[in-house]
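Enquirer: Provided herewith is a single structure, encoded as structure tokens, for subsequent inquiry.
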Amino acid sequence: MRFALTIGASALAFTIAATSAFAGSNDDWWKKAAEPYQGVTLRGVTESSPPSLYIREVLAPQFEELTGIRVDVETTSWDQMFDKAIKDMEAGTGIYDMVYIEQDIIYSYLARDFLTNLTGLIADNPDLKAPTYSEDNFTTFADYFKDGDGNLYGVPMEAFIKVYLYRTDLFNDPEIQAAFKEKTGKDLKPATTHADYAEIAQFFTDYGKENDMKLWGTTAQAHTGHVASWYEYFESVAPTFGVYNWGIDADNNYAASVANGGSMNSEEAKEAMNWWLSMRDIAPPESNASTWTEVGTTFGAGRAAQGLVYGENAGWIAADKTKSLVVGKVGVALPPLADGVLAEAESGEGYIGYYDGGAFGLPSTSKQKEAAALFLQYIGQDEVQPDWAVAAPRVTNKSTYDDPKVQAMNEELGGYYDMLKDKGYLFAGAPAYPFHAQVREATAPTFYKILTGDLSVSDGLDQMATIAEEELTNLGYRK
Amino acid sequence: MQSNRLGWILLAPTLTILFFFGVLPFIYVVYVSFHSWNPFAANPEMIFNGADNFRRIVFDEEFLNSVGVTVMFVFFAVLSELILGYILAQAFMKDFPGKSFFRTIHTLPLIMAPIIVGSVWKLMTTPSIGIIPHYLDEWFGISMNIGTSAFAAFTTIVIMDIWHWTPLVTLTLIAALVSLPPDPFEQAQIDGANKRQIFWHITLPMIAPAVVATVFIRLMDALRTVDEVWMLTGGGPGSSTRFVGVHIFKEVFPKTNYGYGSTISVIVLYLTIVACWLLYVTMLAPRNSKEG
């Protein structure tokens, strides 16, 4: 948080100065376009994350200064953000003019017509079209926020991949390398297979014990009562074993069980779960109570040699000295994969990990659609992106990668932006299910029982597949 | 007649607010409980399904488990708070050095929002990092992990609740004890009654209404505990701390199962009323009938 605010504050000064140059030529357009909306206050709700804080602290005040349209952005917890947004759109109260759309919930929102078609709105109102805004500027991540006809329903504001993060200081230490070589007969380098990853993890956990260090071989996002663990397994681990889309086959009557054509309880899914649980068992003790936030904290505290970490946390882990003990000691790599998974990802038949992120959308119930469309275009411009990317590691526009500031940041992040740019296509967001939270919540209690050992992996996944199909039948998707 | 009318006029604002923010939503929840309604279902409309939700609840293992866990929590937490609260109230009836300071400190947890309490306890109990597991390990060699041990998670929540709410019990019992007349106690002492006899036959019967009122408040609060548990364990490990409030929250908010979630809410309200009624019958009714 402090990281974001500190950088955000410095970015504010820098951005105001920098943007005044580009904005100069377009200031008149923004002022003129905003004239009909003087006195309007836009309200947005979003998760309290570094990119959102940057909107609240930097972009909203800039926009207000330029246009006179006030923008209040409410940043709150992940749960509260959804709760508030959904209730507002469901009840049609029109409190919010902008809502955060996480990539995995867009399909639910679209199914309920909660969102305004931004492409259509701007096309129908040419006066609203900002000269510096174009949907073509976005990376392919924006495709997640489009309908079948290519209409955009949200301006991308954050995009991350969940990367394999490792400690370069440990991996490059000659003594540790020699010890690893002696123990395993292999060179110490980031793993490309699950077996290699497990070997490295075990080595570092043992190394920590032997040397009385608070060091373990891997992270594990394995909370026994929070959906973070469910997500780590289904979106980050299972795909690396070739189990995609949570093991549910949308083209086969939403089958989840192997018996009906799904793969939620397939041998690959069970192998993935066993592997992941074996990693959790040699991860730091806090892993059983860790969500994505705590995993970042664990890595930033130098307690893990490697792990799968959300890109939004990779930034402060690699660069924020006030929060992280491993600044400058972090490298990124692709997650370890089972045979054939990379080929499937490259051919577009599968994926190797989670492409996370979100957009700012315009609720159908908003009473200030035109003014909100102006603000959304403002935050979607190429010109505001580089400082935003430096303040909160996220890239949503193609040109951002080439900015010198971003390239410098890329070095600091161990090549994270390069990976996002060059290998981002191998990762995927959540499957296009309108029943995302419903199936997740229906199966989560059983999933937690696997984590606590109350159910075996095999029985647990069998039960989860059955429960998922029952829930899908109850919801009317599975016939 | 005039004073009666004035009374209604004075009550009108409160009754109006209660009607719109209490009675109407309650009626709506009861109405929804007879429907199948999930806005993210293939058919997002509200569909009347009679008593299906109520039939389903009887066989819902997760719900039954959550009721069981909640009853255990309420029993241990409220009973402990009552006993501790009474002991502290008696202590505060006496003078001792630093009494005012200690009383102030002891009351501080009451002003903390439950969500903050949950956050603070989470920080203190995070496995291997929090101060509690750290010192339990260092001093006693006890490994405490609320992420894996159902017992540790449940016990921590009970202790957290006791820490948070015992001051309320203490304050109400102090108020009750202060208001007791001295005569019966002096008489009992003259008659040779010992401390235990004075407690069972004089103090407890005389403060019984205050005790019952306090237990009612704590019982209702404890039955709907969500925030602290949500922050501390999220209902885990597994379903070991998935109290009924947490269960309803997960059913209604993330799962958006409004129909079935409303049914659970109605049943829980019913169970709360029954529990309060039983408490009243066992603790106050015999006394009232004796007096009558």
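Chain lettering (A, B, ...) mirrors the order of the structure tokens, residue numbering begins at 1 for each chain separately, and ligand numbering begins at 1 in order of display.
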Residues of chain B that approach chain A to 10 Å or less, counting only C-alpha atoms: could you list each one with the shortest pair of atoms and its distance in Å to one decimal, rows by chain and increasing residue number, as a Markdown table?
Expert:
```
| residue | atom | partner | partner_atom | distance |
| --- | --- | --- | --- | --- |
| B:Ser36 | CA | A:Asn474 | CA | 9.6 |
| B:Trp37 | CA | A:Leu475 | CA | 9.4 |
| B:Asn38 | CA | A:Leu475 | CA | 7.7 |
| B:Pro39 | CA | A:Arg112 | CA | 7.6 |
| B:Phe40 | CA | A:Phe435 | CA | 6.1 |
| B:Ala41 | CA | A:Leu475 | CA | 4.5 |
| B:Ala42 | CA | A:Gly476 | CA | 5.1 |
| B:Asn43 | CA | A:Gly476 | CA | 7.0 |
| B:Pro44 | CA | A:Arg112 | CA | 8.1 |
| B:Glu62 | CA | A:Pro445 | CA | 8.2 |
| B:Lys122 | CA | A:Ala289 | CA | 9.5 |
| B:Thr125 | CA | A:Glu286 | CA | 9.7 |
| B:Thr126 | CA | A:Glu286 | CA | 6.3 |
| B:Pro127 | CA | A:Glu286 | CA | 4.6 |
| B:Ser128 | CA | A:Pro285 | CA | 6.1 |
| B:Ile129 | CA | A:Glu286 | CA | 7.3 |
| B:Gly130 | CA | A:Glu286 | CA | 9.4 |
| B:Met144 | CA | A:Pro285 | CA | 9.8 |
| B:Asn145 | CA | A:Pro285 | CA | 7.7 |
| B:Ile146 | CA | A:Ala289 | CA | 7.3 |
| B:Gly147 | CA | A:Asn288 | CA | 4.6 |
| B:Thr148 | CA | A:Thr452 | CA | 6.2 |
| B:Ser149 | CA | A:Thr452 | CA | 8.3 |
| B:Ala150 | CA | A:Thr452 | CA | 8.9 |
| B:Trp230 | CA | A:Gly225 | CA | 9.0 |
| B:Met231 | CA | A:His226 | CA | 9.9 |
| B:Leu232 | CA | A:Ala289 | CA | 9.1 |
| B:Thr233 | CA | A:Gly225 | CA | 6.1 |
| B:Gly234 | CA | A:Gly225 | CA | 4.8 |
| B:Gly235 | CA | A:Gly225 | CA | 5.3 |
| B:Gly236 | CA | A:Gly225 | CA | 3.9 |
| B:Pro237 | CA | A:Thr224 | CA | 4.6 |
| B:Gly238 | CA | A:Tyr448 | CA | 4.5 |
| B:Ser239 | CA | A:Pro445 | CA | 6.6 |
| B:Ser240 | CA | A:Gly225 | CA | 9.1 |
| B:Thr241 | CA | A:Gly225 | CA | 8.8 |
| B:Arg242 | CA | A:Gly225 | CA | 8.6 |
| B:Lys250 | CA | A:Glu441 | CA | 7.4 |
| B:Glu251 | CA | A:Glu441 | CA | 7.9 |
| B:Phe253 | CA | A:Asp83 | CA | 6.6 |
| B:Pro254 | CA | A:Ala437 | CA | 5.9 |
| B:Lys255 | CA | A:Gln438 | CA | 4.6 |
| B:Thr256 | CA | A:Gln438 | CA | 7.2 |
| B:Asn257 | CA | A:Gln438 | CA | 8.1 |
```
Enquirer: Write out as a ChimeraX atom specification each polymer residue whose atoms come within 12 Å of Leu269 (chain B), counting only C-alpha atoms; drop sequence neighbours fewer than 4 positions from it.
Expert: /B:26,29-30,220-221,223-224,244-245,248,262-265,273-276
Enquirer: Would you list, as a ChimeraX atom specification, the residues of region 31-228 of chain B that end up in alpha helix (DSSP H) under DSSP run on this structure's backbone?
Expert: /B:31-32,52-58,61-93,99-107,114-125,131-140,150-178,183-190,195-198,204-223,227-228
Enquirer: So that I can see what lies close to Gly302 (chain A), please list as a list in words the residues with an atom at most 8 Å from it, counting only C-alpha atoms and leaving out residues fewer than 6 positions away in the same chain.
Expert: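 The neighbour list is Leu215, Ser324, Leu325 and Val326 of chain A.
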Enquirer: Excluding same-chain residues fewer than 6 positions from region 421-428 of chain A, what lies within 6 Å of it counting only C-alpha atoms, as a list in words?
Expert: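 Near region 421-428 of chain A, the qualifying residues are Ala345, Tyr351, Ile352, Gly353, Tyr354 and Tyr355 of chain A.
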Enquirer: Those residues you just picked out, can you put them in a file as a compact mmCIF listing (two decimals), in the first residue's frame with C-alpha atoms?
Expert:
```
# COMPACT_ATOMS: atom_id res chain seq x y z
CA ALA A 345 -0.89 -23.63 -24.81
CA TYR A 351 -2.89 -22.58 -21.08
CA ILE A 352 -0.14 -22.69 -18.50
CA GLY A 353 -1.40 -20.38 -15.79
CA TYR A 354 -3.64 -17.55 -14.78
CA TYR A 355 -3.93 -14.23 -16.55
```
Enquirer: Which residue is closest to Thr192 (chain A)? Choose from A:Gly311, A:Pro131, A:Gly148, A:Pro336 and count only C-alpha atoms.
Expert: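 Of the candidates, the smallest distance to Thr192 (chain A) is held by A:Pro336.
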Enquirer: Which residues are close to Trp163 (chain B), i.e. within 9 Å by only C-alpha atoms, leaving aside same-chain residues fewer than 5 positions away? Reply as a list in words.
Expert: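 In the requested form, the answer reads Glu81, Pro109 and Val158 of chain B.
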Enquirer: Write out the residues from the selection above, keeping N, CA and C atoms, as an mmCIF file, in the first residue's frame.
Expert:
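Written out: result01.cif:
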```cif
data_model
loop_
_atom_site.group_PDB
_atom_site.id
_atom_site.type_symbol
_atom_site.label_atom_id
_atom_site.label_comp_id
_atom_site.auth_asym_id
_atom_site.auth_seq_id
_atom_site.Cartn_x
_atom_site.Cartn_y
_atom_site.Cartn_z
ATOM 1 N N GLU B 81 -18.140 -16.133 29.250
ATOM 2 C CA GLU B 81 -18.284 -14.684 29.439
ATOM 3 C C GLU B 81 -19.091 -14.380 30.692
ATOM 4 N N PRO B 109 -11.944 -3.283 24.693
ATOM 5 C CA PRO B 109 -12.331 -4.154 23.559
ATOM 6 C C PRO B 109 -13.747 -3.882 23.043
ATOM 7 N N VAL B 158 -13.365 -18.778 20.207
ATOM 8 C CA VAL B 158 -14.064 -18.665 21.496
ATOM 9 C C VAL B 158 -13.320 -17.669 22.395
#
```
Enquirer: Write out as a count of residues only all residues of region 26-192 of chain B that DSSP puts in strand (DSSP E) for this structure's backbone.
Expert: 4
Enquirer: Rank nothing, just name the residue among B:Asn4, B:His35, B:Ala188, B:Phe20 nearest to Gly261 (chain B), using only C-alpha atoms.
Expert: B:His35
Enquirer: Report as a PyMOL selection string all protein, DNA and RNA residues lying within 9 Å of Lys189 (chain A), evaluated on only C-alpha atoms, omitting residues in the same chain fewer than 5 positions from it.
Expert: chain A and resi 171-172+177+200
Enquirer: Go ahead and save the picked residues with N, CA and C atoms, as a CSV table (one decimal), in the first residue's frame.
Expert:
```
chain,number,residue,atom,x,y,z
A,171,PHE,N,19.5,-18.9,-5.9
A,171,PHE,CA,19.7,-19.7,-7.0
A,171,PHE,C,21.1,-19.5,-7.6
A,172,ASN,N,21.7,-18.3,-7.4
A,172,ASN,CA,23.0,-18.0,-8.0
A,172,ASN,C,24.1,-18.1,-7.0
A,177,GLN,N,24.6,-23.7,-4.9
A,177,GLN,CA,24.6,-24.4,-6.2
A,177,GLN,C,25.4,-25.7,-6.0
A,200,ILE,N,13.7,-29.0,-6.0
A,200,ILE,CA,14.3,-27.7,-5.5
A,200,ILE,C,13.6,-27.3,-4.2
```
Enquirer: Leaving out region 416-418 of chain A and any residue of its chain fewer than 4 positions from it, which residues lie within 12 Å of it when counting only C-alpha atoms, given as a PyMOL selection string?
Expert: chain A and resi 159-166+309-315+317-319+330-334+389-390+393-396+398+400-403+405-412+422-424
